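Next up, input-v7.txt (compact mmCIF, N, CA and C atoms):
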# COMPACT_ATOMS: atom_id res chain seq x y z
N MET T 102 0.84 -1.19 0.00
CA MET T 102 0.00 0.00 0.00
C MET T 102 0.88 1.25 0.00
N THR T 103 0.44 2.25 -0.73
CA THR T 103 1.16 3.51 -0.71
C THR T 103 0.76 4.30 0.55
N GLU T 104 1.54 5.32 0.89
CA GLU T 104 1.22 6.17 2.03
C GLU T 104 -0.14 6.83 1.84
N GLN T 105 -0.43 7.26 0.63
CA GLN T 105 -1.72 7.89 0.32
C GLN T 105 -2.88 6.91 0.58
N GLN T 106 -2.72 5.66 0.17
CA GLN T 106 -3.75 4.65 0.39
C GLN T 106 -3.94 4.37 1.89
N ILE T 107 -2.83 4.33 2.62
CA ILE T 107 -2.89 4.11 4.06
C ILE T 107 -3.61 5.28 4.74
N GLN T 108 -3.30 6.50 4.33
CA GLN T 108 -3.97 7.68 4.89
C GLN T 108 -5.47 7.62 4.62
N PHE T 109 -5.85 7.31 3.39
CA PHE T 109 -7.26 7.23 3.03
C PHE T 109 -7.97 6.20 3.89
N LYS T 110 -7.34 5.05 4.09
CA LYS T 110 -7.91 3.98 4.91
C LYS T 110 -8.11 4.47 6.34
N ARG T 111 -7.09 5.13 6.90
CA ARG T 111 -7.20 5.61 8.28
C ARG T 111 -8.25 6.70 8.41
N ILE T 112 -8.35 7.58 7.43
CA ILE T 112 -9.38 8.62 7.45
C ILE T 112 -10.76 7.98 7.52
N LYS T 113 -11.01 7.01 6.68
CA LYS T 113 -12.31 6.33 6.66
C LYS T 113 -12.59 5.62 7.98
N GLU T 114 -11.58 4.99 8.57
CA GLU T 114 -11.75 4.32 9.86
C GLU T 114 -12.14 5.32 10.95
N LEU T 115 -11.42 6.44 11.00
CA LEU T 115 -11.69 7.46 12.02
C LEU T 115 -13.06 8.11 11.82
N GLU T 116 -13.41 8.39 10.56
CA GLU T 116 -14.73 8.98 10.30
C GLU T 116 -15.84 8.02 10.70
N ALA T 117 -15.64 6.75 10.49
CA ALA T 117 -16.65 5.75 10.88
C ALA T 117 -16.84 5.73 12.39
N LEU T 118 -15.81 6.15 13.13
CA LEU T 118 -15.90 6.23 14.59
C LEU T 118 -16.46 7.58 15.06
N GLY T 119 -16.79 8.48 14.11
CA GLY T 119 -17.40 9.76 14.45
C GLY T 119 -16.46 10.94 14.50
N TYR T 120 -15.19 10.73 14.21
CA TYR T 120 -14.24 11.83 14.22
C TYR T 120 -14.42 12.72 13.00
N TYR T 121 -14.11 14.02 13.17
CA TYR T 121 -14.00 14.95 12.05
C TYR T 121 -12.51 14.95 11.69
N VAL T 122 -12.17 14.50 10.48
CA VAL T 122 -10.77 14.30 10.12
C VAL T 122 -10.34 15.32 9.08
N ILE T 123 -9.19 15.92 9.33
CA ILE T 123 -8.62 16.91 8.41
C ILE T 123 -7.24 16.40 7.99
N LYS T 124 -7.00 16.36 6.68
CA LYS T 124 -5.67 16.04 6.17
C LYS T 124 -4.94 17.35 5.94
N LEU T 125 -3.84 17.51 6.62
CA LEU T 125 -3.07 18.74 6.49
C LEU T 125 -2.15 18.65 5.28
N VAL T 126 -2.17 19.70 4.48
CA VAL T 126 -1.33 19.73 3.29
C VAL T 126 -0.15 20.66 3.52
N LYS T 127 -0.44 21.84 4.02
CA LYS T 127 0.61 22.83 4.27
C LYS T 127 0.25 23.53 5.57
N THR T 128 1.19 23.60 6.48
CA THR T 128 0.94 24.26 7.76
C THR T 128 2.04 25.27 8.05
N ASN T 129 1.83 26.02 9.12
CA ASN T 129 2.84 26.96 9.56
C ASN T 129 3.83 26.30 10.53
N LYS T 130 3.69 25.01 10.74
CA LYS T 130 4.55 24.27 11.66
C LYS T 130 5.16 23.07 10.94
N ASN T 131 6.46 23.07 10.77
CA ASN T 131 7.13 21.94 10.13
C ASN T 131 7.01 20.69 11.00
N GLY T 132 6.86 19.54 10.37
CA GLY T 132 6.84 18.28 11.08
C GLY T 132 5.51 17.91 11.71
N ILE T 133 4.46 18.70 11.46
CA ILE T 133 3.14 18.36 12.00
C ILE T 133 2.65 17.09 11.32
N PRO T 134 2.01 16.18 12.07
CA PRO T 134 1.50 14.95 11.45
C PRO T 134 0.51 15.22 10.32
N ASP T 135 0.24 14.20 9.53
CA ASP T 135 -0.58 14.33 8.33
C ASP T 135 -2.05 14.56 8.59
N LEU T 136 -2.58 14.01 9.68
CA LEU T 136 -4.02 14.05 9.94
C LEU T 136 -4.31 14.64 11.31
N ILE T 137 -5.45 15.31 11.40
CA ILE T 137 -6.02 15.72 12.68
C ILE T 137 -7.37 15.02 12.78
N ALA T 138 -7.59 14.31 13.87
CA ALA T 138 -8.86 13.63 14.11
C ALA T 138 -9.46 14.20 15.39
N ILE T 139 -10.59 14.89 15.24
CA ILE T 139 -11.21 15.59 16.37
C ILE T 139 -12.53 14.92 16.71
N PRO T 140 -12.68 14.48 17.96
CA PRO T 140 -13.95 13.87 18.34
C PRO T 140 -15.05 14.92 18.42
N PRO T 141 -16.31 14.52 18.18
CA PRO T 141 -17.43 15.47 18.26
C PRO T 141 -17.50 16.13 19.64
N GLN T 142 -18.05 17.33 19.66
CA GLN T 142 -18.27 18.11 20.87
C GLN T 142 -16.96 18.49 21.58
N SER T 143 -15.86 18.55 20.85
CA SER T 143 -14.59 18.98 21.43
C SER T 143 -14.53 20.50 21.49
N ASP T 144 -13.77 21.01 22.41
CA ASP T 144 -13.61 22.45 22.55
C ASP T 144 -12.55 22.94 21.56
N VAL T 145 -12.95 22.99 20.29
CA VAL T 145 -12.06 23.39 19.21
C VAL T 145 -12.65 24.62 18.54
N LEU T 146 -11.80 25.57 18.20
CA LEU T 146 -12.24 26.78 17.50
C LEU T 146 -11.61 26.79 16.11
N PHE T 147 -12.44 26.85 15.07
CA PHE T 147 -11.98 27.00 13.69
C PHE T 147 -12.19 28.45 13.29
N VAL T 148 -11.14 29.08 12.74
CA VAL T 148 -11.18 30.49 12.41
C VAL T 148 -11.00 30.67 10.91
N GLU T 149 -11.95 31.34 10.27
CA GLU T 149 -11.84 31.75 8.87
C GLU T 149 -11.41 33.21 8.89
N VAL T 150 -10.27 33.52 8.30
CA VAL T 150 -9.74 34.88 8.30
C VAL T 150 -10.08 35.57 6.99
N LYS T 151 -10.64 36.78 7.12
CA LYS T 151 -11.02 37.58 5.95
C LYS T 151 -10.63 39.03 6.19
N THR T 152 -10.47 39.77 5.11
CA THR T 152 -10.30 41.22 5.23
C THR T 152 -11.65 41.82 5.59
N ALA T 153 -11.67 43.12 5.88
CA ALA T 153 -12.91 43.80 6.25
C ALA T 153 -13.96 43.65 5.17
N LYS T 154 -13.56 43.61 3.91
CA LYS T 154 -14.52 43.50 2.80
C LYS T 154 -14.53 42.11 2.18
N GLY T 155 -13.73 41.21 2.70
CA GLY T 155 -13.63 39.86 2.13
C GLY T 155 -14.93 39.09 2.29
N LYS T 156 -15.24 38.28 1.30
CA LYS T 156 -16.47 37.48 1.31
C LYS T 156 -16.16 36.04 1.67
N VAL T 157 -17.03 35.47 2.45
CA VAL T 157 -16.95 34.05 2.75
C VAL T 157 -17.59 33.32 1.57
N SER T 158 -16.85 32.40 0.98
CA SER T 158 -17.36 31.68 -0.18
C SER T 158 -18.45 30.70 0.24
N LYS T 159 -19.19 30.21 -0.74
CA LYS T 159 -20.23 29.21 -0.47
C LYS T 159 -19.62 27.95 0.16
N LEU T 160 -18.47 27.53 -0.36
CA LEU T 160 -17.80 26.36 0.21
C LEU T 160 -17.39 26.62 1.66
N GLN T 161 -16.87 27.81 1.93
CA GLN T 161 -16.47 28.15 3.30
C GLN T 161 -17.69 28.19 4.22
N GLU T 162 -18.79 28.75 3.73
CA GLU T 162 -20.03 28.75 4.52
C GLU T 162 -20.46 27.32 4.83
N TYR T 163 -20.38 26.46 3.84
CA TYR T 163 -20.74 25.05 4.01
C TYR T 163 -19.86 24.41 5.09
N ARG T 164 -18.55 24.64 5.00
CA ARG T 164 -17.62 24.04 5.97
C ARG T 164 -17.87 24.58 7.38
N LEU T 165 -18.11 25.88 7.51
CA LEU T 165 -18.39 26.45 8.83
C LEU T 165 -19.64 25.81 9.43
N LYS T 166 -20.67 25.63 8.61
CA LYS T 166 -21.90 24.99 9.08
C LYS T 166 -21.63 23.54 9.46
N GLU T 167 -20.87 22.84 8.63
CA GLU T 167 -20.52 21.45 8.91
C GLU T 167 -19.80 21.33 10.25
N LEU T 168 -18.84 22.22 10.48
CA LEU T 168 -18.08 22.21 11.73
C LEU T 168 -18.99 22.49 12.93
N LYS T 169 -19.91 23.44 12.79
CA LYS T 169 -20.87 23.73 13.86
C LYS T 169 -21.72 22.51 14.16
N ASN T 170 -22.12 21.79 13.10
CA ASN T 170 -22.93 20.58 13.28
C ASN T 170 -22.17 19.50 14.04
N TYR T 171 -20.86 19.51 13.98
CA TYR T 171 -20.03 18.58 14.75
C TYR T 171 -19.86 19.07 16.19
N GLY T 172 -20.38 20.26 16.49
CA GLY T 172 -20.28 20.78 17.84
C GLY T 172 -19.06 21.64 18.09
N PHE T 173 -18.36 22.03 17.02
CA PHE T 173 -17.17 22.86 17.17
C PHE T 173 -17.55 24.33 17.09
N ARG T 174 -16.72 25.18 17.68
CA ARG T 174 -16.93 26.62 17.59
C ARG T 174 -16.27 27.13 16.31
N THR T 175 -16.88 28.14 15.70
CA THR T 175 -16.32 28.75 14.50
C THR T 175 -16.43 30.27 14.61
N GLU T 176 -15.60 30.95 13.84
CA GLU T 176 -15.70 32.40 13.73
C GLU T 176 -15.14 32.85 12.40
N VAL T 177 -15.62 33.99 11.95
CA VAL T 177 -15.01 34.68 10.81
C VAL T 177 -14.33 35.90 11.41
N TYR T 178 -13.02 35.93 11.33
CA TYR T 178 -12.22 36.99 11.95
C TYR T 178 -11.75 37.95 10.87
N ARG T 179 -12.04 39.22 11.06
CA ARG T 179 -11.70 40.23 10.04
C ARG T 179 -10.57 41.14 10.46
N GLY T 180 -10.02 40.95 11.63
CA GLY T 180 -8.82 41.66 12.04
C GLY T 180 -8.99 43.04 12.62
N SER T 181 -10.07 43.73 12.26
CA SER T 181 -10.31 45.05 12.81
C SER T 181 -11.79 45.36 12.75
N GLY T 182 -12.16 46.47 13.35
CA GLY T 182 -13.57 46.82 13.38
C GLY T 182 -14.31 45.97 14.39
N LYS T 183 -15.58 45.75 14.15
CA LYS T 183 -16.40 44.95 15.07
C LYS T 183 -15.93 43.51 15.06
N VAL T 184 -15.62 43.03 16.24
CA VAL T 184 -15.20 41.64 16.38
C VAL T 184 -16.29 40.88 17.09
N SER T 185 -16.82 39.88 16.42
CA SER T 185 -17.84 39.07 17.07
C SER T 185 -17.16 37.92 17.77
N PRO T 186 -17.64 37.57 18.98
CA PRO T 186 -17.00 36.46 19.69
C PRO T 186 -17.24 35.16 18.98
N PRO T 187 -16.36 34.18 19.26
CA PRO T 187 -16.58 32.85 18.67
C PRO T 187 -17.92 32.30 19.15
N ASP T 188 -18.43 31.32 18.41
CA ASP T 188 -19.64 30.63 18.86
C ASP T 188 -19.39 30.09 20.26
N PRO T 189 -20.42 30.10 21.12
CA PRO T 189 -20.22 29.58 22.48
C PRO T 189 -19.91 28.09 22.48
N ILE T 190 -19.31 27.67 23.57
CA ILE T 190 -18.95 26.26 23.74
C ILE T 190 -20.22 25.45 23.94
Translate the structure described by the file into structure tokens.
Amino acid sequence: MTEQQIQFKRIKELEALGYYVIKLVKTNKNGIPDLIAIPPQSDVLFVEVKTAKGKVSKLQEYRLKELKNYGFRTEVYRGSGKVSPPDPI
């Protein structure tokens, strides 16, 4: 099996157990493992960063909703002006 096939297999196994799985492609931290598996209702905050006039795409809206449905907190952070707090825990 290739590494890609092994990753795909593990992703499917974890998702079947209820985890929200993210495959990391590029991060700001060298050496970070390939996958993040987060159990539902975890105290995790996902942040979408936009400029003051930046638009959240339909796909981003979908992902934010999906993450909320898993019980995670989300926010759209614009860096200045009115800052709305993250979704409550």
Report task. Name the residues of chain T that fall into strand (DSSP E or B) according to DSSP on the backbone, using the chain letters and numbers of this document, as a PyMOL selection string. Result -> chain T and resi 121-124+136-139+146-150+174-178
Requested in this report: May I have the residues within 10 Å of range 124-137 of chain T as a ChimeraX atom specification, using only C-alpha atoms and disregarding those fewer than 4 positions away in the same chain?
Outcome: /T:108-109,111-112,120
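Here CA of Gln142 in chain T stands at a distance of 11.9 Å from atom N of Gly119 in chain T.
Atom to atom, CA of Ser143 in chain T and CA of Lys169 in chain T stand 10.9 Å apart.
Proximity of T:Arg179, T:Arg174, T:Lys113, T:Lys159 to Phe147 in chain T, computed with only N, CA and C atoms, is greatest for T:Arg174.
We find atom N of Tyr178 in chain T and CA of Val145 in chain T to be spaced 14.8 Å apart.
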Requested in this report: Within 12 Å of (-17.2, 21.9, 17.9) (coordinates as in the file), grab all the protein and nucleic acid residues, counting only C-alpha atoms, and write them out as a VMD selection string.
Outcome: chain T and resid 120 to 121 139 to 148 165 to 176 187 to 190
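Backbone DSSP over chain T yields helix (DSSP H, G or I) at T:Glu104, T:Gln105, T:Gln106, T:Ile107, T:Gln108, T:Phe109, T:Lys110, T:Arg111, T:Ile112, T:Lys113, T:Glu114, T:Leu115, T:Glu116, T:Ala117, T:Lys159, T:Leu160, T:Gln161, T:Glu162, T:Tyr163, T:Arg164, T:Leu165, T:Lys166, T:Glu167, T:Leu168, T:Lys169, T:Asn170.
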**Report entry** Polymer residues at most 10 Å from (-6.7, 46.2, 5.0) by only C-alpha atoms, as a PyMOL selection string
**Finding:** chain T and resi 151-155+179-181
How would the residues just picked look written out with N, CA and C atoms as a JSON list (two decimals), keeping the file's coordinate frame?
[["chain", "number", "residue", "atom", "x", "y", "z"],
["T", 151, "LYS", "N", -10.64, 36.78, 7.12],
["T", 151, "LYS", "CA", -11.02, 37.58, 5.95],
["T", 151, "LYS", "C", -10.63, 39.03, 6.19],
["T", 152, "THR", "N", -10.47, 39.77, 5.11],
["T", 152, "THR", "CA", -10.30, 41.22, 5.23],
["T", 152, "THR", "C", -11.65, 41.82, 5.59],
["T", 153, "ALA", "N", -11.67, 43.12, 5.88],
["T", 153, "ALA", "CA", -12.91, 43.80, 6.25],
["T", 153, "ALA", "C", -13.96, 43.65, 5.17],
["T", 154, "LYS", "N", -13.56, 43.61, 3.91],
["T", 154, "LYS", "CA", -14.52, 43.50, 2.80],
["T", 154, "LYS", "C", -14.53, 42.11, 2.18],
["T", 155, "GLY", "N", -13.73, 41.21, 2.70],
["T", 155, "GLY", "CA", -13.63, 39.86, 2.13],
["T", 155, "GLY", "C", -14.93, 39.09, 2.29],
["T", 179, "ARG", "N", -12.04, 39.22, 11.06],
["T", 179, "ARG", "CA", -11.70, 40.23, 10.04],
["T", 179, "ARG", "C", -10.57, 41.14, 10.46],
["T", 180, "GLY", "N", -10.02, 40.95, 11.63],
["T", 180, "GLY", "CA", -8.82, 41.66, 12.04],
["T", 180, "GLY", "C", -8.99, 43.04, 12.62],
["T", 181, "SER", "N", -10.07, 43.73, 12.26],
["T", 181, "SER", "CA", -10.31, 45.05, 12.81],
["T", 181, "SER", "C", -11.79, 45.36, 12.75]]
